[in-house]
>>> print(open('protein28.pdb').read())   # PDB, C-alpha atoms
ATOM      1  CA  PHE A   1     -16.305  41.104 -17.499
ATOM      2  CA  VAL A   2     -18.212  40.189 -20.641
ATOM      3  CA  ASP A   3     -21.956  40.827 -20.771
ATOM      4  CA  GLY A   4     -21.948  41.362 -17.003
ATOM      5  CA  ARG A   5     -20.294  37.994 -16.335
ATOM      6  CA  ARG A   6     -16.802  37.791 -14.854
ATOM      7  CA  ILE A   7     -14.386  35.912 -17.102
ATOM      8  CA  GLY A   8     -11.240  36.499 -15.121
ATOM      9  CA  PHE A   9      -9.215  38.536 -12.672
ATOM     10  CA  VAL A  10      -5.654  38.999 -11.485
ATOM     11  CA  THR A  11      -4.553  40.216  -8.046
ATOM     12  CA  PHE A  12      -1.072  41.654  -7.618
ATOM     13  CA  SER A  13       1.406  41.542  -4.753
ATOM     14  CA  ALA A  14       2.933  44.694  -3.266
ATOM     15  CA  SER A  15       5.886  44.290  -5.652
ATOM     16  CA  GLY A  16       3.552  44.384  -8.672
ATOM     17  CA  VAL A  17       3.756  40.734  -9.763
ATOM     18  CA  PRO A  18       0.665  38.503  -9.971
ATOM     19  CA  ALA A  19      -0.324  36.901  -6.644
ATOM     20  CA  SER A  20      -3.398  35.023  -7.894
ATOM     21  CA  SER A  21      -5.631  34.800 -10.939
ATOM     22  CA  GLU A  22      -8.784  33.202 -12.219
ATOM     23  CA  GLU A  23      -9.958  32.556 -15.776
ATOM     24  CA  VAL A  24     -13.473  31.402 -16.660
ATOM     25  CA  GLU A  25     -14.358  29.957 -20.060
ATOM     26  CA  GLU A  26     -17.843  28.468 -20.326
ATOM     27  CA  GLN A  27     -17.942  25.622 -17.732
ATOM     28  CA  ARG A  28     -14.178  25.613 -17.077
ATOM     29  CA  THR A  29     -12.473  27.679 -14.362
ATOM     30  CA  VAL A  30      -8.706  27.882 -13.840
ATOM     31  CA  ARG A  31      -7.400  29.349 -10.569
ATOM     32  CA  ARG A  32      -3.711  30.051 -10.101
ATOM     33  CA  SER A  33      -1.511  31.226  -7.246
ATOM     34  CA  PHE A  34       2.012  32.588  -7.611
ATOM     35  CA  TYR A  35       5.209  32.891  -5.582
ATOM     36  CA  LEU A  36       6.401  36.385  -4.594
ATOM     37  CA  ASP A  37       8.618  36.507  -7.702
ATOM     38  CA  GLY A  38       5.654  35.783 -10.002
ATOM     39  CA  GLN A  39       6.448  32.095 -10.643
ATOM     40  CA  LEU A  40       3.459  29.736 -10.772
ATOM     41  CA  ARG A  41       2.895  28.080  -7.368
ATOM     42  CA  GLY A  42      -0.378  26.244  -7.835
ATOM     43  CA  GLU A  43      -3.190  25.688 -10.278
ATOM     44  CA  THR A  44      -6.710  24.326  -9.825
ATOM     45  CA  VAL A  45      -8.940  23.419 -12.779
ATOM     46  CA  LEU A  46     -12.678  23.086 -12.238
ATOM     47  CA  VAL A  47     -15.197  21.882 -14.815
ATOM     48  CA  GLU A  48     -18.837  22.553 -13.992
ATOM     49  CA  ASN A  49     -17.701  23.541 -10.473
ATOM     50  CA  ARG A  50     -16.093  20.107  -9.887
ATOM     51  CA  ARG A  51     -12.338  19.836  -9.356
ATOM     52  CA  ARG A  52     -10.552  18.042 -12.187
ATOM     53  CA  PHE A  53      -6.912  18.940 -11.498
ATOM     54  CA  VAL A  54      -4.859  20.462  -8.693
ATOM     55  CA  ARG A  55      -1.188  21.066  -9.436
ATOM     56  CA  GLU A  56       1.584  22.363  -7.149
ATOM     57  CA  PHE A  57       4.936  23.663  -8.385
ATOM     58  CA  ALA A  58       8.318  24.372  -6.781
ATOM     59  CA  ALA A  59       9.727  27.906  -6.967
ATOM     60  CA  GLY A  60      11.889  26.800  -9.915
ATOM     61  CA  GLY A  61       8.882  25.597 -11.924
ATOM     62  CA  GLN A  62       9.225  21.846 -11.277
ATOM     63  CA  LYS A  63       5.864  20.097 -10.820
ATOM     64  CA  LEU A  64       5.727  18.680  -7.273
ATOM     65  CA  ARG A  65       2.190  17.310  -7.071
ATOM     66  CA  GLU A  66      -0.861  16.699  -9.221
ATOM     67  CA  ILE A  67      -4.264  15.390  -8.205
ATOM     68  CA  GLU A  68      -6.611  14.415 -11.025
ATOM     69  CA  TRP A  69     -10.294  13.483 -10.623
ATOM     70  CA  ASP A  70     -12.232  11.403 -13.146
ATOM     71  CA  GLU A  71     -15.941  11.690 -14.006
ATOM     72  CA  SER A  72     -16.951   9.450 -11.081
ATOM     73  CA  GLY A  73     -14.996  11.500  -8.527
ATOM     74  CA  ARG A  74     -12.138   9.007  -8.051
ATOM     75  CA  ASN A  75      -8.701  10.550  -7.991
ATOM     76  CA  THR A  76      -5.059   9.903  -8.745
ATOM     77  CA  ASP A  77      -2.556  11.773  -6.556
ATOM     78  CA  SER A  78       1.007  11.949  -7.939
ATOM     79  CA  GLN A  79       4.077  13.554  -6.345
ATOM     80  CA  TRP A  80       7.541  14.206  -7.820
ATOM     81  CA  TYR A  81      11.070  14.721  -6.526
ATOM     82  CA  MET A  82      12.812  17.987  -7.405
ATOM     83  CA  ASN A  83      14.865  16.064 -10.015
ATOM     84  CA  GLY A  84      11.641  15.348 -11.934
ATOM     85  CA  SER A  85      11.389  11.646 -11.022
ATOM     86  CA  ILE A  86       8.065  10.329  -9.745
ATOM     87  CA  LYS A  87       8.018  10.063  -5.925
ATOM     88  CA  ARG A  88       4.588   8.660  -5.035
ATOM     89  CA  ARG A  89       1.336   7.756  -6.764
ATOM     90  CA  GLU A  90      -1.983   6.991  -5.058
ATOM     91  CA  ILE A  91      -4.978   5.800  -7.061
ATOM     92  CA  ASP A  92      -8.547   5.255  -5.895
ATOM     93  CA  ALA A  93      -9.348   1.567  -6.387
ATOM     94  CA  LEU A  94     -11.661  -1.205  -5.210
ATOM     95  CA  HIS A  95     -10.733  -4.242  -3.132
ATOM     96  CA  GLU A  96     -13.506  -6.848  -2.944
ATOM     97  CA  GLN A  97     -16.027  -4.111  -3.872
ATOM     98  CA  ALA A  98     -14.838  -1.830  -1.025
ATOM     99  CA  PRO A  99     -13.090   1.527  -1.588
ATOM    100  CA  ALA A 100      -9.290   1.262  -1.407
ATOM    101  CA  ARG A 101      -6.116   3.159  -2.367
ATOM    102  CA  ALA A 102      -3.405   1.573  -4.512
ATOM    103  CA  ILE A 103      -0.094   3.170  -3.530
ATOM    104  CA  GLU A 104       3.290   3.144  -5.233
ATOM    105  CA  GLU A 105       6.382   4.912  -3.891
ATOM    106  CA  TYR A 106       9.585   5.396  -5.858
ATOM    107  CA  TRP A 107      13.288   5.941  -5.219
ATOM    108  CA  ASP A 108      14.622   9.283  -6.503
ATOM    109  CA  ASN A 109      16.230   7.410  -9.432
ATOM    110  CA  GLY A 110      12.760   6.451 -10.711
ATOM    111  CA  GLN A 111      12.845   2.817  -9.546
ATOM    112  CA  LEU A 112       9.818   1.434  -7.707
ATOM    113  CA  ARG A 113      10.344   1.431  -3.907
ATOM    114  CA  THR A 114       7.053   0.016  -2.524
ATOM    115  CA  ARG A 115       3.690  -1.097  -3.879
ATOM    116  CA  GLY A 116       0.543  -2.056  -2.000
ATOM    117  CA  MET A 117      -3.105  -1.381  -1.274
ATOM    118  CA  LEU A 118      -4.799   0.237   1.711
ATOM    119  CA  VAL A 119      -8.439   0.183   2.837
ATOM    120  CA  ARG A 120     -10.331   1.965   5.637
ATOM    121  CA  ARG A 121      -8.043   4.661   6.993
ATOM    122  CA  GLY A 122      -4.749   3.156   5.928
ATOM    123  CA  THR A 123      -5.279  -0.526   6.769
ATOM    124  CA  PRO A 124      -2.981  -2.664   4.562
ATOM    125  CA  ILE A 125      -4.585  -5.439   2.501
ATOM    126  CA  GLY A 126      -3.260  -8.011   0.026
ATOM    127  CA  MET A 127       0.353  -8.167  -1.121
ATOM    128  CA  HIS A 128       2.779  -5.306  -0.403
ATOM    129  CA  GLN A 129       6.129  -5.353  -2.177
ATOM    130  CA  PHE A 130       9.349  -3.574  -1.201
ATOM    131  CA  PHE A 131      12.137  -3.027  -3.746
ATOM    132  CA  ARG A 132      15.829  -2.222  -3.595
ATOM    133  CA  GLU A 133      17.081   0.956  -5.234
ATOM    134  CA  ALA A 134      18.407  -1.150  -8.124
ATOM    135  CA  GLY A 135      14.845  -2.387  -8.810
ATOM    136  CA  THR A 136      14.966  -5.959  -7.451
ATOM    137  CA  VAL A 137      12.341  -7.237  -4.993
ATOM    138  CA  ALA A 138      13.612  -7.127  -1.393
ATOM    139  CA  SER A 139      10.490  -8.288   0.444
ATOM    140  CA  GLU A 140       6.835  -9.225   0.059
ATOM    141  CA  ARG A 141       4.273  -9.023   2.831
ATOM    142  CA  TYR A 142       0.736 -10.364   2.676
ATOM    143  CA  TYR A 143      -2.084  -8.889   4.747
ATOM    144  CA  GLN A 144      -5.517 -10.323   5.497
ATOM    145  CA  ARG A 145      -8.072  -8.041   7.176
ATOM    146  CA  GLY A 146      -5.207  -5.639   7.979
ATOM    147  CA  LEU A 147      -3.062  -8.244   9.757
ATOM    148  CA  LEU A 148       0.282  -9.529   8.501
ATOM    149  CA  SER A 149      -0.203 -13.175   7.482
ATOM    150  CA  GLN A 150       2.974 -13.953   5.524
ATOM    151  CA  ARG A 151       6.391 -12.439   4.824
ATOM    152  CA  ARG A 152       9.060 -13.331   2.278
ATOM    153  CA  ASP A 153      12.504 -11.699   2.020
ATOM    154  CA  PHE A 154      14.727 -12.067  -1.048
ATOM    155  CA  ASN A 155      18.461 -11.700  -1.668
ATOM    156  CA  ASP A 156      19.885  -9.609  -4.535
ATOM    157  CA  ALA A 157      19.628 -12.599  -6.918
ATOM    158  CA  GLY A 158      15.886 -12.955  -6.219
ATOM    159  CA  ASP A 159      16.146 -16.111  -4.089
ATOM    160  CA  ILE A 160      13.944 -16.426  -0.988
ATOM    161  CA  VAL A 161      16.096 -16.125   2.144
ATOM    162  CA  LEU A 162      13.299 -15.910   4.728
ATOM    163  CA  GLU A 163       9.704 -17.086   4.672
ATOM    164  CA  GLU A 164       7.403 -16.660   7.661
ATOM    165  CA  SER A 165       3.693 -17.147   8.334
ATOM    166  CA  TYR A 166       1.861 -15.453  11.214
ATOM    167  CA  TYR A 167      -1.169 -16.107  13.391
ATOM    168  CA  GLU A 168      -3.766 -13.367  13.796
ATOM    169  CA  ASP A 169      -2.149 -12.237  17.076
ATOM    170  CA  GLY A 170       1.142 -11.552  15.242
ATOM    171  CA  SER A 171       3.068 -14.548  16.561
ATOM    172  CA  ARG A 172       4.930 -16.732  14.081
ATOM    173  CA  LYS A 173       3.156 -19.778  12.778
ATOM    174  CA  SER A 174       6.189 -20.946  10.792
ATOM    175  CA  SER A 175       9.602 -19.621   9.865
ATOM    176  CA  MET A 176      12.130 -20.880   7.353
ATOM    177  CA  ARG A 177      15.520 -19.336   6.605
ATOM    178  CA  ARG A 178      17.393 -20.420   3.497
TER     179      ARG A 178
END
>>> encode(input="protein28.pdb", output="structure tokens")
Amino acid sequence: FVDGRRIGFVTFSASGVPASSEEVEEQRTVRRSFYLDGQLRGETVLVENRRRFVREFAAGGQKLREIEWDESGRNTDSQWYMNGSIKRREIDALHEQAPARAIEEYWDNGQLRTRGMLVRRGTPIGMHQFFREAGTVASERYYQRGLLSQRRDFNDAGDIVLEESYYEDGSRKSSMRR
């Protein structure tokens, strides 16, 4: 305490290592939790009582997840594989002035695996791309109002091998194999 105001604390586990802590400096608060061996498990940073960062760590210290909020309250949620490569990234976005989530998923070698946008509780919208582990485009799917409207599949050389269009009920409007 300083001048009657708490500026921090640490709680300890039965084995005597830190279990949790909190540090307060002006408008910034940092809360941490620890594994039983004392390694950092998680960290939350608040500024003016609003979350700015949440980070989660593996027992070996590798960052597994980070959520970051901007001034407007929108967030970016990133996750990593244990090898340190990015696994998934979700970003608050807008689609035709409506709230949406832009999502990218990655292979464990760091190559992009999928990319697309979701609105209203996970409804797909716009173009969604799927990639091979080597990084080439395998497929593209187009969604309108959450319904699949078109699909294109590509071979390893990037040539279209299948192109289909769909009616709103999901039946094929047209199909062309190459």
>>> atom_distance(input="protein28.pdb", atom1="CA of Ile86 (chain A)", atom2="CA of Leu112 (chain A)")
9.3 Å
>>> resolve_selection(input="protein28.pdb", expression="the PyMOL selection byres ((chain A and resi 59-73) around 10)", output="ChimeraX atom specification")
/A:34-45,50-58,74-92
>>> write_last_selection(input="protein28.pdb", atoms="C-alpha atoms", output="PDB file, in the coordinates of the input")
ATOM      1  CA  PHE A  34       2.012  32.588  -7.611  1.00  0.00           C
ATOM      2  CA  TYR A  35       5.209  32.891  -5.582  1.00  0.00           C
ATOM      3  CA  LEU A  36       6.401  36.385  -4.594  1.00  0.00           C
ATOM      4  CA  ASP A  37       8.618  36.507  -7.702  1.00  0.00           C
ATOM      5  CA  GLY A  38       5.654  35.783 -10.002  1.00  0.00           C
ATOM      6  CA  GLN A  39       6.448  32.095 -10.643  1.00  0.00           C
ATOM      7  CA  LEU A  40       3.459  29.736 -10.772  1.00  0.00           C
ATOM      8  CA  ARG A  41       2.895  28.080  -7.368  1.00  0.00           C
ATOM      9  CA  GLY A  42      -0.378  26.244  -7.835  1.00  0.00           C
ATOM     10  CA  GLU A  43      -3.190  25.688 -10.278  1.00  0.00           C
ATOM     11  CA  THR A  44      -6.710  24.326  -9.825  1.00  0.00           C
ATOM     12  CA  VAL A  45      -8.940  23.419 -12.779  1.00  0.00           C
ATOM     13  CA  ARG A  50     -16.093  20.107  -9.887  1.00  0.00           C
ATOM     14  CA  ARG A  51     -12.338  19.836  -9.356  1.00  0.00           C
ATOM     15  CA  ARG A  52     -10.552  18.042 -12.187  1.00  0.00           C
ATOM     16  CA  PHE A  53      -6.912  18.940 -11.498  1.00  0.00           C
ATOM     17  CA  VAL A  54      -4.859  20.462  -8.693  1.00  0.00           C
ATOM     18  CA  ARG A  55      -1.188  21.066  -9.436  1.00  0.00           C
ATOM     19  CA  GLU A  56       1.584  22.363  -7.149  1.00  0.00           C
ATOM     20  CA  PHE A  57       4.936  23.663  -8.385  1.00  0.00           C
ATOM     21  CA  ALA A  58       8.318  24.372  -6.781  1.00  0.00           C
ATOM     22  CA  ARG A  74     -12.138   9.007  -8.051  1.00  0.00           C
ATOM     23  CA  ASN A  75      -8.701  10.550  -7.991  1.00  0.00           C
ATOM     24  CA  THR A  76      -5.059   9.903  -8.745  1.00  0.00           C
ATOM     25  CA  ASP A  77      -2.556  11.773  -6.556  1.00  0.00           C
ATOM     26  CA  SER A  78       1.007  11.949  -7.939  1.00  0.00           C
ATOM     27  CA  GLN A  79       4.077  13.554  -6.345  1.00  0.00           C
ATOM     28  CA  TRP A  80       7.541  14.206  -7.820  1.00  0.00           C
ATOM     29  CA  TYR A  81      11.070  14.721  -6.526  1.00  0.00           C
ATOM     30  CA  MET A  82      12.812  17.987  -7.405  1.00  0.00           C
ATOM     31  CA  ASN A  83      14.865  16.064 -10.015  1.00  0.00           C
ATOM     32  CA  GLY A  84      11.641  15.348 -11.934  1.00  0.00           C
ATOM     33  CA  SER A  85      11.389  11.646 -11.022  1.00  0.00           C
ATOM     34  CA  ILE A  86       8.065  10.329  -9.745  1.00  0.00           C
ATOM     35  CA  LYS A  87       8.018  10.063  -5.925  1.00  0.00           C
ATOM     36  CA  ARG A  88       4.588   8.660  -5.035  1.00  0.00           C
ATOM     37  CA  ARG A  89       1.336   7.756  -6.764  1.00  0.00           C
ATOM     38  CA  GLU A  90      -1.983   6.991  -5.058  1.00  0.00           C
ATOM     39  CA  ILE A  91      -4.978   5.800  -7.061  1.00  0.00           C
ATOM     40  CA  ASP A  92      -8.547   5.255  -5.895  1.00  0.00           C
TER      41      ASP A  92
END
>>> axis_aligned_box(input="protein28.pdb", around="region 155-172 of chain A", padding_each_side="4 Å", output="JSON")
{"center_x": 8.1, "center_y": -13.4, "center_z": 5.1, "size_x": 31.7, "size_y": 15.5, "size_z": 32.0}
>>> resolve_selection(input="protein28.pdb", expression="the PyMOL selection byres ((chain A and resi 149) around 9)", output="MDAnalysis selection string")
chainID A and resid 141:144 147:148 150:151 164:168 170
>>> write_last_selection(input="protein28.pdb", atoms="C-alpha atoms", output="PDB file, keeping the file's coordinate frame")
ATOM      1  CA  ARG A 141       4.273  -9.023   2.831  1.00  0.00           C
ATOM      2  CA  TYR A 142       0.736 -10.364   2.676  1.00  0.00           C
ATOM      3  CA  TYR A 143      -2.084  -8.889   4.747  1.00  0.00           C
ATOM      4  CA  GLN A 144      -5.517 -10.323   5.497  1.00  0.00           C
ATOM      5  CA  LEU A 147      -3.062  -8.244   9.757  1.00  0.00           C
ATOM      6  CA  LEU A 148       0.282  -9.529   8.501  1.00  0.00           C
ATOM      7  CA  GLN A 150       2.974 -13.953   5.524  1.00  0.00           C
ATOM      8  CA  ARG A 151       6.391 -12.439   4.824  1.00  0.00           C
ATOM      9  CA  GLU A 164       7.403 -16.660   7.661  1.00  0.00           C
ATOM     10  CA  SER A 165       3.693 -17.147   8.334  1.00  0.00           C
ATOM     11  CA  TYR A 166       1.861 -15.453  11.214  1.00  0.00           C
ATOM     12  CA  TYR A 167      -1.169 -16.107  13.391  1.00  0.00           C
ATOM     13  CA  GLU A 168      -3.766 -13.367  13.796  1.00  0.00           C
ATOM     14  CA  GLY A 170       1.142 -11.552  15.242  1.00  0.00           C
TER      15      GLY A 170
END
>>> atom_distance(input="protein28.pdb", atom1="CA of Asp153 (chain A)", atom2="CA of Arg120 (chain A)")
26.9 Å
>>> resolve_selection(input="protein28.pdb", expression="the PyMOL selection byres ((chain A and resi 98) around 12)", output="JSON, numbers by chain")
{"A": [92, 93, 94, 95, 96, 97, 99, 100, 101, 117, 118, 119, 120, 125]}
>>> closest_residue(input="protein28.pdb", among="A:Met127, A:Val161, A:Val17, A:Ala134", to="Trp107 (chain A)", atoms="all atoms listed in the file")
A:Ala134
>>> atom_distance(input="protein28.pdb", atom1="CA of Asp156 (chain A)", atom2="CA of Gln111 (chain A)")
15.1 Å
>>> residues_around(input="protein28.pdb", residues="Arg132 (chain A)", least_positions_apart="4", cutoff="12 Å", atoms="all atoms listed in the file", output="PyMOL selection string")
chain A and resi 105-114+136-140+153-158
>>> closest_residue(input="protein28.pdb", among="A:Glu104, A:Glu26, A:Asp169, A:Glu48", to="Gly146 (chain A)", atoms="only C-alpha atoms")
A:Asp169
